[in-house]
>>> print(open('final29.cif').read())   # mmCIF, C-alpha atoms and all ligand atoms
data_coords
loop_
_atom_site.group_PDB
_atom_site.id
_atom_site.type_symbol
_atom_site.label_atom_id
_atom_site.label_comp_id
_atom_site.auth_asym_id
_atom_site.auth_seq_id
_atom_site.Cartn_x
_atom_site.Cartn_y
_atom_site.Cartn_z
ATOM 1 C CA MET A 226 -15.109 2.277 -37.637
ATOM 2 C CA ASN A 227 -17.848 4.395 -39.109
ATOM 3 C CA ASN A 228 -20.678 4.683 -36.632
ATOM 4 C CA LEU A 229 -23.139 6.056 -39.132
ATOM 5 C CA ALA A 230 -25.684 3.637 -40.538
ATOM 6 C CA MET A 231 -26.304 3.407 -44.287
ATOM 7 C CA ASP A 232 -29.028 6.052 -44.295
ATOM 8 C CA GLY A 233 -26.849 8.618 -42.579
ATOM 9 C CA GLN A 234 -28.596 8.242 -39.185
ATOM 10 C CA PRO A 235 -26.369 7.543 -36.202
ATOM 11 C CA ALA A 236 -26.263 3.811 -35.472
ATOM 12 C CA ALA A 237 -28.455 2.918 -32.464
ATOM 13 C CA CYS A 238 -26.555 2.598 -29.221
ATOM 14 C CA ALA A 239 -25.806 -1.094 -28.615
ATOM 15 C CA ALA A 240 -26.438 -0.878 -24.868
ATOM 16 C CA CYS A 241 -29.991 0.424 -25.155
ATOM 17 C CA GLU A 242 -30.882 -0.304 -28.794
ATOM 18 C CA GLY A 243 -31.749 3.346 -29.274
ATOM 19 C CA THR A 244 -34.374 3.448 -26.489
ATOM 20 C CA GLY A 245 -32.145 5.466 -24.131
ATOM 21 C CA ILE A 246 -32.932 2.892 -21.426
ATOM 22 C CA GLU A 247 -30.538 0.190 -20.356
ATOM 23 C CA VAL A 248 -31.665 -2.845 -18.331
ATOM 24 C CA LEU A 249 -29.270 -4.780 -16.136
ATOM 25 C CA PRO A 250 -29.598 -7.606 -13.617
ATOM 26 C CA ASN A 251 -29.650 -6.352 -10.049
ATOM 27 C CA PHE A 252 -30.244 -8.413 -6.904
ATOM 28 C CA SER A 253 -33.559 -10.157 -7.388
ATOM 29 C CA THR A 254 -35.165 -7.899 -9.973
ATOM 30 C CA ALA A 255 -33.860 -6.442 -13.219
ATOM 31 C CA GLU A 256 -33.090 -2.735 -13.019
ATOM 32 C CA ALA A 257 -33.591 -0.114 -15.696
ATOM 33 C CA ARG A 258 -31.640 3.122 -15.866
ATOM 34 C CA ILE A 259 -31.054 5.938 -18.332
ATOM 35 C CA CYS A 260 -28.360 4.794 -20.758
ATOM 36 C CA ALA A 261 -25.056 6.713 -20.851
ATOM 37 C CA CYS A 262 -25.876 7.750 -24.428
ATOM 38 C CA SER A 263 -28.953 9.662 -23.232
ATOM 39 C CA ARG A 264 -27.935 11.126 -19.887
ATOM 40 C CA ARG A 265 -27.482 14.589 -21.304
ATOM 41 C CA CYS A 266 -30.560 15.766 -23.140
ATOM 42 C CA THR A 267 -29.733 17.896 -26.162
ATOM 43 C CA GLN A 268 -33.416 18.714 -26.732
ATOM 44 C CA CYS A 269 -34.381 20.552 -23.550
ATOM 45 C CA GLY A 270 -30.997 21.171 -21.919
ATOM 46 C CA GLY A 271 -32.282 19.524 -18.717
ATOM 47 C CA ALA A 272 -35.537 21.528 -18.400
ATOM 48 C CA ARG A 273 -37.571 18.348 -19.165
ATOM 49 C CA TYR A 274 -40.118 20.424 -21.070
ATOM 50 C CA LEU A 275 -40.109 21.776 -24.601
ATOM 51 C CA PHE A 276 -41.753 25.149 -25.156
ATOM 52 C CA SER A 277 -43.439 26.398 -28.242
ATOM 53 C CA ARG A 278 -46.037 29.014 -29.171
ATOM 54 C CA ASP A 279 -49.391 28.200 -30.722
ATOM 55 C CA ALA A 280 -51.220 30.195 -33.456
ATOM 56 C CA ALA A 281 -52.882 32.407 -30.826
ATOM 57 C CA GLY A 282 -49.501 33.320 -29.371
ATOM 58 C CA ARG A 283 -49.918 31.198 -26.223
ATOM 59 C CA ASP A 284 -46.915 29.412 -24.766
ATOM 60 C CA ILE A 285 -47.268 25.673 -24.767
ATOM 61 C CA ALA A 286 -45.124 23.304 -22.724
ATOM 62 C CA ARG A 287 -44.938 19.614 -23.481
ATOM 63 C CA PRO A 288 -42.794 16.995 -21.756
ATOM 64 C CA CYS A 289 -39.491 16.318 -23.475
ATOM 65 C CA ALA A 290 -38.606 12.771 -24.553
ATOM 66 C CA CYS A 291 -36.124 12.641 -21.654
ATOM 67 C CA ALA A 292 -38.935 13.107 -19.101
ATOM 68 C CA LEU A 293 -40.897 10.286 -20.737
ATOM 69 C CA ARG A 294 -37.783 8.108 -20.592
ATOM 70 C CA GLU A 295 -37.458 8.736 -16.868
ATOM 71 C CA MET A 296 -41.081 7.749 -16.353
ATOM 72 C CA ARG A 297 -40.472 4.512 -18.289
ATOM 73 C CA VAL A 298 -37.434 3.707 -16.169
ATOM 74 C CA ARG A 299 -39.593 4.107 -13.040
ATOM 75 C CA ARG A 300 -42.305 1.921 -14.507
ATOM 76 C CA TYR A 301 -39.831 -0.796 -15.466
ATOM 77 C CA ASN A 302 -38.405 -0.807 -11.948
ATOM 78 C CA GLU A 303 -41.871 -0.999 -10.428
ATOM 79 C CA ALA A 304 -42.709 -4.015 -12.618
ATOM 80 C CA ARG A 305 -40.358 -6.250 -10.590
ATOM 81 C CA ILE A 306 -39.160 -8.370 -13.493
ATOM 82 C CA PRO A 307 -36.776 -11.076 -12.222
ATOM 83 C CA SER A 308 -33.074 -10.357 -12.799
ATOM 84 C CA LYS A 309 -32.595 -13.522 -14.823
ATOM 85 C CA PHE A 310 -34.818 -11.937 -17.499
ATOM 86 C CA ALA A 311 -32.930 -8.623 -17.720
ATOM 87 C CA ASN A 312 -31.859 -9.560 -21.263
ATOM 88 C CA ALA A 313 -35.280 -10.775 -22.395
ATOM 89 C CA ARG A 314 -36.358 -9.005 -25.615
ATOM 90 C CA LEU A 315 -38.689 -9.899 -28.459
ATOM 91 C CA ARG A 316 -35.712 -10.190 -30.844
ATOM 92 C CA PRO A 317 -35.963 -12.193 -34.069
ATOM 93 C CA GLN A 318 -33.090 -14.455 -32.999
ATOM 94 C CA TYR A 319 -35.171 -15.741 -30.077
ATOM 95 C CA ARG A 320 -37.921 -16.853 -32.406
ATOM 96 C CA ASP A 321 -37.959 -20.454 -33.688
ATOM 97 C CA LYS A 322 -40.372 -23.181 -34.738
ATOM 98 C CA ASP A 323 -41.222 -24.139 -31.127
ATOM 99 C CA ASN A 324 -42.274 -20.681 -29.975
ATOM 100 C CA GLU A 325 -43.289 -19.138 -33.298
ATOM 101 C CA ARG A 326 -46.992 -18.799 -32.577
ATOM 102 C CA ALA A 327 -46.581 -17.509 -29.031
ATOM 103 C CA PHE A 328 -43.805 -15.158 -30.128
ATOM 104 C CA SER A 329 -46.014 -13.638 -32.853
ATOM 105 C CA MET A 330 -48.920 -13.235 -30.428
ATOM 106 C CA PHE A 331 -46.792 -11.300 -27.948
ATOM 107 C CA LYS A 332 -45.177 -9.213 -30.673
ATOM 108 C CA LEU A 333 -48.603 -8.291 -32.002
ATOM 109 C CA LEU A 334 -50.015 -7.584 -28.548
ATOM 110 C CA ALA A 335 -47.057 -5.275 -27.814
ATOM 111 C CA ALA A 336 -47.542 -3.445 -31.118
ATOM 112 C CA GLU A 337 -51.283 -2.902 -30.850
ATOM 113 C CA PHE A 338 -51.703 -2.752 -27.078
ATOM 114 C CA GLN A 339 -54.630 -0.695 -25.825
ATOM 115 C CA PRO A 340 -55.947 -0.755 -22.264
ATOM 116 C CA GLY A 341 -58.414 -3.619 -21.978
ATOM 117 C CA HIS A 342 -56.863 -5.670 -24.768
ATOM 118 C CA LYS A 343 -57.429 -9.407 -24.434
ATOM 119 C CA GLY A 344 -54.587 -11.148 -22.575
ATOM 120 C CA ILE A 345 -52.753 -14.401 -23.248
ATOM 121 C CA VAL A 346 -52.535 -17.727 -21.404
ATOM 122 C CA LEU A 347 -49.158 -19.228 -22.322
ATOM 123 C CA MET A 348 -48.989 -22.930 -21.482
ATOM 124 C CA GLY A 349 -46.176 -25.442 -21.793
ATOM 125 C CA GLU A 350 -43.582 -27.569 -20.070
ATOM 126 C CA ALA A 351 -41.171 -26.055 -17.575
ATOM 127 C CA GLY A 352 -38.042 -24.653 -19.202
ATOM 128 C CA VAL A 353 -39.347 -24.015 -22.712
ATOM 129 C CA GLY A 354 -38.999 -20.252 -22.201
ATOM 130 C CA LYS A 355 -42.496 -19.055 -21.300
ATOM 131 C CA SER A 356 -41.441 -16.590 -18.602
ATOM 132 C CA PHE A 357 -38.604 -15.310 -20.793
ATOM 133 C CA LEU A 358 -41.072 -14.513 -23.553
ATOM 134 C CA VAL A 359 -43.438 -12.763 -21.165
ATOM 135 C CA ALA A 360 -40.585 -10.734 -19.639
ATOM 136 C CA ALA A 361 -39.494 -9.768 -23.172
ATOM 137 C CA PHE A 362 -43.040 -8.604 -23.871
ATOM 138 C CA LEU A 363 -43.065 -6.528 -20.668
ATOM 139 C CA ASN A 364 -39.743 -4.938 -21.612
ATOM 140 C CA GLU A 365 -41.197 -3.888 -24.943
ATOM 141 C CA ILE A 366 -44.454 -2.394 -23.641
ATOM 142 C CA ILE A 367 -42.780 -0.570 -20.747
ATOM 143 C CA VAL A 368 -39.539 0.627 -22.368
ATOM 144 C CA ARG A 369 -40.967 1.403 -25.806
ATOM 145 C CA HIS A 370 -44.568 2.337 -24.967
ATOM 146 C CA GLY A 371 -44.485 3.438 -21.324
ATOM 147 C CA ILE A 372 -47.272 1.119 -20.157
ATOM 148 C CA GLY A 373 -47.563 0.265 -16.448
ATOM 149 C CA ALA A 374 -47.108 -3.438 -15.753
ATOM 150 C CA GLN A 375 -46.208 -5.929 -13.096
ATOM 151 C CA PHE A 376 -44.629 -9.390 -13.078
ATOM 152 C CA GLN A 377 -45.973 -11.633 -10.304
ATOM 153 C CA ASP A 378 -44.919 -15.159 -9.551
ATOM 154 C CA PHE A 379 -48.165 -16.968 -8.640
ATOM 155 C CA PHE A 380 -46.666 -18.860 -5.722
ATOM 156 C CA HIS A 381 -45.089 -15.729 -4.190
ATOM 157 C CA LEU A 382 -48.196 -13.696 -4.850
ATOM 158 C CA LEU A 383 -50.256 -16.088 -2.728
ATOM 159 C CA LYS A 384 -47.551 -16.212 -0.079
ATOM 160 C CA ASP A 385 -47.473 -12.402 0.146
ATOM 161 C CA LEU A 386 -51.263 -12.215 0.310
ATOM 162 C CA ARG A 387 -51.419 -14.870 3.024
ATOM 163 C CA SER A 388 -48.894 -13.014 5.151
ATOM 164 C CA GLY A 389 -50.617 -9.682 4.426
ATOM 165 C CA TYR A 390 -53.969 -11.019 5.595
ATOM 166 C CA SER A 391 -52.430 -12.605 8.682
ATOM 167 C CA GLN A 392 -50.988 -9.189 9.609
ATOM 168 C CA ASP A 393 -54.471 -7.686 9.189
ATOM 169 C CA ARG A 394 -53.386 -5.358 6.432
ATOM 170 C CA PRO A 395 -56.441 -3.923 4.684
ATOM 171 C CA GLU A 396 -57.617 -5.791 1.606
ATOM 172 C CA SER A 397 -57.544 -2.577 -0.430
ATOM 173 C CA GLU A 398 -53.811 -2.233 0.170
ATOM 174 C CA LEU A 399 -53.151 -5.863 -0.770
ATOM 175 C CA ILE A 400 -55.436 -6.331 -3.755
ATOM 176 C CA GLU A 401 -55.876 -2.894 -5.320
ATOM 177 C CA PRO A 402 -52.400 -2.552 -6.848
ATOM 178 C CA LEU A 403 -52.923 -5.944 -8.515
ATOM 179 C CA VAL A 404 -56.340 -4.976 -9.789
ATOM 180 C CA ASN A 405 -55.410 -1.532 -11.103
ATOM 181 C CA ILE A 406 -52.140 -2.056 -12.960
ATOM 182 C CA ASP A 407 -52.653 -1.951 -16.760
ATOM 183 C CA VAL A 408 -50.862 -5.227 -17.456
ATOM 184 C CA LEU A 409 -50.445 -7.945 -14.849
ATOM 185 C CA VAL A 410 -48.404 -11.071 -15.498
ATOM 186 C CA ILE A 411 -49.177 -14.056 -13.289
ATOM 187 C CA ASP A 412 -46.300 -16.463 -13.799
ATOM 188 C CA GLU A 413 -46.704 -20.194 -13.093
ATOM 189 C CA LEU A 414 -50.443 -20.210 -12.601
ATOM 190 C CA GLY A 415 -51.588 -23.264 -10.659
ATOM 191 C CA LYS A 416 -48.327 -23.803 -8.815
ATOM 192 C CA GLY A 417 -48.603 -24.509 -5.106
ATOM 193 C CA ARG A 418 -51.167 -26.015 -2.804
ATOM 194 C CA ASN A 419 -54.172 -24.873 -4.728
ATOM 195 C CA THR A 420 -56.516 -24.567 -1.743
ATOM 196 C CA PRO A 421 -60.102 -23.225 -1.944
ATOM 197 C CA TRP A 422 -58.833 -19.997 -0.303
ATOM 198 C CA GLU A 423 -56.218 -19.593 -3.014
ATOM 199 C CA LYS A 424 -58.776 -20.200 -5.736
ATOM 200 C CA ASP A 425 -61.101 -17.585 -4.223
ATOM 201 C CA ILE A 426 -58.320 -15.009 -4.066
ATOM 202 C CA LEU A 427 -57.304 -15.706 -7.656
ATOM 203 C CA ASP A 428 -60.889 -15.581 -8.857
ATOM 204 C CA GLY A 429 -61.381 -12.253 -7.060
ATOM 205 C CA ILE A 430 -58.298 -10.668 -8.627
ATOM 206 C CA ILE A 431 -58.945 -11.816 -12.173
ATOM 207 C CA SER A 432 -62.684 -11.030 -12.061
ATOM 208 C CA GLN A 433 -61.992 -7.502 -10.877
ATOM 209 C CA ARG A 434 -59.359 -7.073 -13.567
ATOM 210 C CA TYR A 435 -61.787 -8.335 -16.155
ATOM 211 C CA ASN A 436 -64.477 -5.917 -14.975
ATOM 212 C CA ASN A 437 -61.988 -3.021 -14.917
ATOM 213 C CA ARG A 438 -60.902 -3.864 -18.475
ATOM 214 C CA LYS A 439 -57.318 -4.651 -17.557
ATOM 215 C CA THR A 440 -55.071 -7.008 -19.476
ATOM 216 C CA THR A 441 -53.801 -10.108 -17.702
ATOM 217 C CA ILE A 442 -51.155 -12.536 -18.975
ATOM 218 C CA PHE A 443 -50.657 -15.987 -17.480
ATOM 219 C CA THR A 444 -48.010 -18.647 -17.872
ATOM 220 C CA SER A 445 -48.616 -22.189 -16.669
ATOM 221 C CA ASN A 446 -46.917 -25.575 -16.696
ATOM 222 C CA TYR A 447 -50.446 -27.016 -16.794
ATOM 223 C CA THR A 448 -51.862 -27.275 -20.310
ATOM 224 C CA ASP A 449 -55.146 -28.191 -21.980
ATOM 225 C CA SER A 450 -54.000 -31.698 -22.819
ATOM 226 C CA ARG A 451 -53.265 -34.635 -20.547
ATOM 227 C CA ALA A 452 -50.385 -35.562 -22.865
ATOM 228 C CA THR A 453 -48.471 -32.313 -22.352
ATOM 229 C CA THR A 454 -49.589 -31.047 -18.949
ATOM 230 C CA LEU A 455 -47.391 -31.107 -15.843
ATOM 231 C CA VAL A 456 -46.953 -34.595 -14.391
ATOM 232 C CA GLU A 457 -46.819 -34.727 -10.601
ATOM 233 C CA ARG A 458 -46.077 -37.733 -8.436
ATOM 234 C CA VAL A 459 -47.993 -37.703 -5.171
ATOM 235 C CA ARG A 460 -48.937 -40.107 -2.396
ATOM 236 C CA SER A 461 -52.488 -41.377 -2.593
ATOM 237 C CA ARG A 462 -54.877 -40.489 0.231
ATOM 238 C CA ASP A 463 -54.677 -44.008 1.721
ATOM 239 C CA TRP A 464 -50.911 -44.167 1.288
ATOM 240 C CA ASN A 465 -48.995 -46.638 3.495
ATOM 241 C CA PRO A 466 -45.222 -46.932 3.966
ATOM 242 C CA GLY A 467 -43.894 -49.038 1.112
ATOM 243 C CA ASP A 468 -46.580 -47.899 -1.312
ATOM 244 C CA GLY A 469 -45.503 -46.130 -4.467
ATOM 245 C CA GLU A 470 -46.719 -42.728 -5.595
ATOM 246 C CA VAL A 471 -49.497 -42.048 -8.044
ATOM 247 C CA GLU A 472 -49.068 -39.973 -11.164
ATOM 248 C CA LEU A 473 -51.284 -36.900 -11.489
ATOM 249 C CA ARG A 474 -51.865 -35.284 -14.856
ATOM 250 C CA ASP A 475 -54.215 -32.403 -14.082
ATOM 251 C CA THR A 476 -55.105 -30.217 -17.034
ATOM 252 C CA LEU A 477 -55.182 -26.461 -16.462
ATOM 253 C CA GLN A 478 -58.960 -26.588 -16.184
ATOM 254 C CA GLU A 479 -58.828 -29.315 -13.534
ATOM 255 C CA ARG A 480 -56.097 -27.476 -11.691
ATOM 256 C CA VAL A 481 -57.723 -24.042 -11.415
ATOM 257 C CA GLY A 482 -61.361 -25.193 -11.510
ATOM 258 C CA SER A 483 -64.086 -24.569 -14.079
ATOM 259 C CA ARG A 484 -65.109 -21.153 -12.793
ATOM 260 C CA ILE A 485 -61.636 -19.603 -13.141
ATOM 261 C CA TYR A 486 -60.940 -21.528 -16.339
ATOM 262 C CA SER A 487 -64.030 -20.207 -18.121
ATOM 263 C CA ARG A 488 -63.114 -16.675 -16.993
ATOM 264 C CA LEU A 489 -59.642 -17.171 -18.493
ATOM 265 C CA ARG A 490 -61.251 -18.323 -21.734
ATOM 266 C CA GLU A 491 -63.258 -15.098 -21.886
ATOM 267 C CA MET A 492 -60.402 -12.731 -21.134
ATOM 268 C CA CYS A 493 -57.423 -14.388 -22.867
ATOM 269 C CA ASP A 494 -56.257 -16.145 -26.015
ATOM 270 C CA PHE A 495 -54.633 -19.502 -25.323
ATOM 271 C CA VAL A 496 -51.369 -20.753 -26.793
ATOM 272 C CA THR A 497 -49.148 -23.746 -26.018
ATOM 273 C CA MET A 498 -45.397 -23.639 -26.397
ATOM 274 C CA SER A 499 -43.402 -26.815 -26.895
ATOM 275 C CA GLY A 500 -39.782 -27.608 -27.473
ATOM 276 C CA HIS A 501 -36.516 -28.111 -25.744
ATOM 277 C CA ASP A 502 -35.395 -26.858 -22.372
ATOM 278 C CA ARG A 503 -33.940 -23.404 -23.047
ATOM 279 C CA ARG A 504 -32.666 -22.725 -19.573
ATOM 280 C CA GLU A 505 -29.128 -23.724 -20.506
ATOM 281 C CA ALA A 506 -29.038 -21.635 -23.670
ATOM 282 C CA LEU A 507 -30.331 -18.325 -22.313
HETATM 283 ZN ZN ZN A 601 -27.799 3.935 -25.218
HETATM 284 ZN ZN ZN A 602 -35.043 16.652 -22.558
#
>>> encode(input="final29.cif", output="structure tokens", more="lines below")
Ligand SMILES: [Zn+2]
Ligand SMILES: [Zn+2]
Amino acid sequence: MNNLAMDGQPAACAACEGTGIEVLPNFSTAEARICACSRRCTQCGGARYLFSRDAAGRDIARPCACALREMRVRRYNEARIPSKFANARLRPQYRDKDNERAFSMFKLLAAEFQPGHKGIVLMGEAGVGKSFLVAAFLNEIIVRHGIGAQFQDFFHLLKDLRSGYSQDRPESELIEPLVNIDVLVIDELGKGRNTPWEKDILDGIISQRYNNRKTTIFTSNYTDSRATTLVERVRSRDWNPGDGEVELRDTLQERVGSRIYSRLREMCDFVTMSGHDRREAL
């Protein structure tokens, strides 16, 4: 078969879609590596720099594309994107009527990303593909644009912080990486016990990110509407054996509290995703 595309350019490698970076599932997090098609650099012969001479006769060295690729691989691996999202990409075939608006917002954010760009709060029922979309967005900004990012599950984030504080690790070591990374994803915002301590920690992280002009993306099963938000069945406070459970329909605002919610409104655009459970299909 002819592997030249119509315009005479070599067809993009299927494994890496021409980025030179392949992403595969590994134990818990997806792992990026230099694709076989790009392991030998024909540009710099392995020197990682390209040399040229300017008008004044001075030698100028600039990093070769292969060095930038290696940096992107490192950044992807530091982002800790769950293995189940190794294949997540913002590809047209993943776009449909249920996720159209959210899909376009992430595609646009990836294309025009600048440090400090407004983030996105992506709300919707469990299983509609929110985390997949966010992981696809991270793939695009890291692999194609080299931006530093991190994927954090909200529940695990709080768990890690709790254990960090109980071991007396300094706050700077625990919080600073979360505050300084260019793009932070907090997946499943609102999940868990939702104690005052947790709300304070969350407020601290997102306020500092806001002040440092960092972009934060959230997903949540809690929405802005009682009709679509997460329904939880809990025992009432004066529960007795034999009693049933009560149905809770907290909106996102009720779940995270007004202070955090109004901060989210300032720093993010909001979008709700609906639709079928995609977990089987992906
Ligand atoms: Zn390749
Ligand atoms: Zn090179």
>>> residues_near_ligand(input="final29.cif", ligand="ligand ZN 602 (chain A)", cutoff="6 Å", atoms="all atoms listed in the file", output="list in words")
Cys266, Gln268, Cys269, Gly271, Arg273, Cys289, Ala290 and Cys291 of chain A
>>> resolve_selection(input="final29.cif", expression="the PyMOL selection byres (((chain A and resi 246) around 9) and not hetatm)", output="ChimeraX atom specification")
/A:240-245,247-248,257-261,263,294-295,297-298,368
>>> axis_aligned_box(input="final29.cif", around="segment 450-463 of chain A", padding_each_side="4 Å", output="lines of an AutoDock Vina configuration file")
center_x = -50.5
center_y = -37.5
center_z = -10.6
size_x = 16.8
size_y = 21.0
size_z = 32.6
>>> atom_distance(input="final29.cif", atom1="atom CA of Leu427 of chain A", atom2="atom CA of Ile485 of chain A")
8.0 Å
>>> atom_distance(input="final29.cif", atom1="atom CA of Asn312 of chain A", atom2="atom CA of Asp494 of chain A")
25.7 Å
>>> build_atoms(input="final29.cif", residues="segment 315-341 of chain A", atoms="N, CA and C atoms", output="PDB file, in the frame of the given file")
ATOM      1  N   LEU A 315     -38.029  -9.203 -27.349  1.00  0.00           N
ATOM      2  CA  LEU A 315     -38.689  -9.899 -28.459  1.00  0.00           C
ATOM      3  C   LEU A 315     -37.832  -9.728 -29.714  1.00  0.00           C
ATOM      4  N   ARG A 316     -36.629 -10.310 -29.699  1.00  0.00           N
ATOM      5  CA  ARG A 316     -35.712 -10.190 -30.844  1.00  0.00           C
ATOM      6  C   ARG A 316     -35.922 -11.364 -31.791  1.00  0.00           C
ATOM      7  N   PRO A 317     -35.749 -11.116 -33.099  1.00  0.00           N
ATOM      8  CA  PRO A 317     -35.963 -12.193 -34.069  1.00  0.00           C
ATOM      9  C   PRO A 317     -35.122 -13.449 -33.779  1.00  0.00           C
ATOM     10  N   GLN A 318     -33.921 -13.256 -33.214  1.00  0.00           N
ATOM     11  CA  GLN A 318     -33.090 -14.455 -32.999  1.00  0.00           C
ATOM     12  C   GLN A 318     -33.627 -15.371 -31.900  1.00  0.00           C
ATOM     13  N   TYR A 319     -34.574 -14.883 -31.109  1.00  0.00           N
ATOM     14  CA  TYR A 319     -35.171 -15.741 -30.077  1.00  0.00           C
ATOM     15  C   TYR A 319     -36.411 -16.463 -30.588  1.00  0.00           C
ATOM     16  N   ARG A 320     -36.736 -16.243 -31.838  1.00  0.00           N
ATOM     17  CA  ARG A 320     -37.921 -16.853 -32.406  1.00  0.00           C
ATOM     18  C   ARG A 320     -37.524 -18.124 -33.158  1.00  0.00           C
ATOM     19  N   ASP A 321     -38.249 -19.220 -32.943  1.00  0.00           N
ATOM     20  CA  ASP A 321     -37.959 -20.454 -33.688  1.00  0.00           C
ATOM     21  C   ASP A 321     -39.251 -21.240 -33.862  1.00  0.00           C
ATOM     22  N   LYS A 322     -39.150 -22.447 -34.400  1.00  0.00           N
ATOM     23  CA  LYS A 322     -40.372 -23.181 -34.738  1.00  0.00           C
ATOM     24  C   LYS A 322     -41.176 -23.577 -33.489  1.00  0.00           C
ATOM     25  N   ASP A 323     -40.509 -23.732 -32.343  1.00  0.00           N
ATOM     26  CA  ASP A 323     -41.222 -24.139 -31.127  1.00  0.00           C
ATOM     27  C   ASP A 323     -42.025 -23.008 -30.488  1.00  0.00           C
ATOM     28  N   ASN A 324     -41.559 -21.767 -30.658  1.00  0.00           N
ATOM     29  CA  ASN A 324     -42.274 -20.681 -29.975  1.00  0.00           C
ATOM     30  C   ASN A 324     -42.919 -19.697 -30.954  1.00  0.00           C
ATOM     31  N   GLU A 325     -42.859 -20.050 -32.238  1.00  0.00           N
ATOM     32  CA  GLU A 325     -43.289 -19.138 -33.298  1.00  0.00           C
ATOM     33  C   GLU A 325     -44.649 -18.477 -33.048  1.00  0.00           C
ATOM     34  N   ARG A 326     -45.638 -19.323 -32.727  1.00  0.00           N
ATOM     35  CA  ARG A 326     -46.992 -18.799 -32.577  1.00  0.00           C
ATOM     36  C   ARG A 326     -47.080 -17.868 -31.362  1.00  0.00           C
ATOM     37  N   ALA A 327     -46.540 -18.320 -30.245  1.00  0.00           N
ATOM     38  CA  ALA A 327     -46.581 -17.509 -29.031  1.00  0.00           C
ATOM     39  C   ALA A 327     -45.802 -16.213 -29.245  1.00  0.00           C
ATOM     40  N   PHE A 328     -44.646 -16.327 -29.871  1.00  0.00           N
ATOM     41  CA  PHE A 328     -43.805 -15.158 -30.128  1.00  0.00           C
ATOM     42  C   PHE A 328     -44.586 -14.113 -30.934  1.00  0.00           C
ATOM     43  N   SER A 329     -45.250 -14.575 -32.007  1.00  0.00           N
ATOM     44  CA  SER A 329     -46.014 -13.638 -32.853  1.00  0.00           C
ATOM     45  C   SER A 329     -47.153 -13.004 -32.064  1.00  0.00           C
ATOM     46  N   MET A 330     -47.813 -13.791 -31.208  1.00  0.00           N
ATOM     47  CA  MET A 330     -48.920 -13.235 -30.428  1.00  0.00           C
ATOM     48  C   MET A 330     -48.447 -12.116 -29.501  1.00  0.00           C
ATOM     49  N   PHE A 331     -47.299 -12.335 -28.856  1.00  0.00           N
ATOM     50  CA  PHE A 331     -46.792 -11.300 -27.948  1.00  0.00           C
ATOM     51  C   PHE A 331     -46.290 -10.077 -28.715  1.00  0.00           C
ATOM     52  N   LYS A 332     -45.677 -10.324 -29.855  1.00  0.00           N
ATOM     53  CA  LYS A 332     -45.177  -9.213 -30.673  1.00  0.00           C
ATOM     54  C   LYS A 332     -46.357  -8.337 -31.127  1.00  0.00           C
ATOM     55  N   LEU A 333     -47.422  -9.009 -31.536  1.00  0.00           N
ATOM     56  CA  LEU A 333     -48.603  -8.291 -32.002  1.00  0.00           C
ATOM     57  C   LEU A 333     -49.277  -7.546 -30.842  1.00  0.00           C
ATOM     58  N   LEU A 334     -49.381  -8.225 -29.712  1.00  0.00           N
ATOM     59  CA  LEU A 334     -50.015  -7.584 -28.548  1.00  0.00           C
ATOM     60  C   LEU A 334     -49.226  -6.339 -28.133  1.00  0.00           C
ATOM     61  N   ALA A 335     -47.884  -6.436 -28.175  1.00  0.00           N
ATOM     62  CA  ALA A 335     -47.057  -5.275 -27.814  1.00  0.00           C
ATOM     63  C   ALA A 335     -47.286  -4.142 -28.809  1.00  0.00           C
ATOM     64  N   ALA A 336     -47.415  -4.484 -30.084  1.00  0.00           N
ATOM     65  CA  ALA A 336     -47.542  -3.445 -31.118  1.00  0.00           C
ATOM     66  C   ALA A 336     -48.896  -2.757 -31.069  1.00  0.00           C
ATOM     67  N   GLU A 337     -49.949  -3.511 -30.767  1.00  0.00           N
ATOM     68  CA  GLU A 337     -51.283  -2.902 -30.850  1.00  0.00           C
ATOM     69  C   GLU A 337     -51.940  -2.739 -29.481  1.00  0.00           C
ATOM     70  N   PHE A 338     -51.123  -2.777 -28.420  1.00  0.00           N
ATOM     71  CA  PHE A 338     -51.703  -2.752 -27.078  1.00  0.00           C
ATOM     72  C   PHE A 338     -52.551  -1.512 -26.826  1.00  0.00           C
ATOM     73  N   GLN A 339     -53.737  -1.751 -26.319  1.00  0.00           N
ATOM     74  CA  GLN A 339     -54.630  -0.695 -25.825  1.00  0.00           C
ATOM     75  C   GLN A 339     -55.136  -1.195 -24.480  1.00  0.00           C
ATOM     76  N   PRO A 340     -55.390  -0.277 -23.530  1.00  0.00           N
ATOM     77  CA  PRO A 340     -55.947  -0.755 -22.264  1.00  0.00           C
ATOM     78  C   PRO A 340     -57.185  -1.610 -22.515  1.00  0.00           C
ATOM     79  N   GLY A 341     -57.260  -2.739 -21.828  1.00  0.00           N
ATOM     80  CA  GLY A 341     -58.414  -3.619 -21.978  1.00  0.00           C
ATOM     81  C   GLY A 341     -58.246  -4.665 -23.056  1.00  0.00           C
TER      82      GLY A 341
END
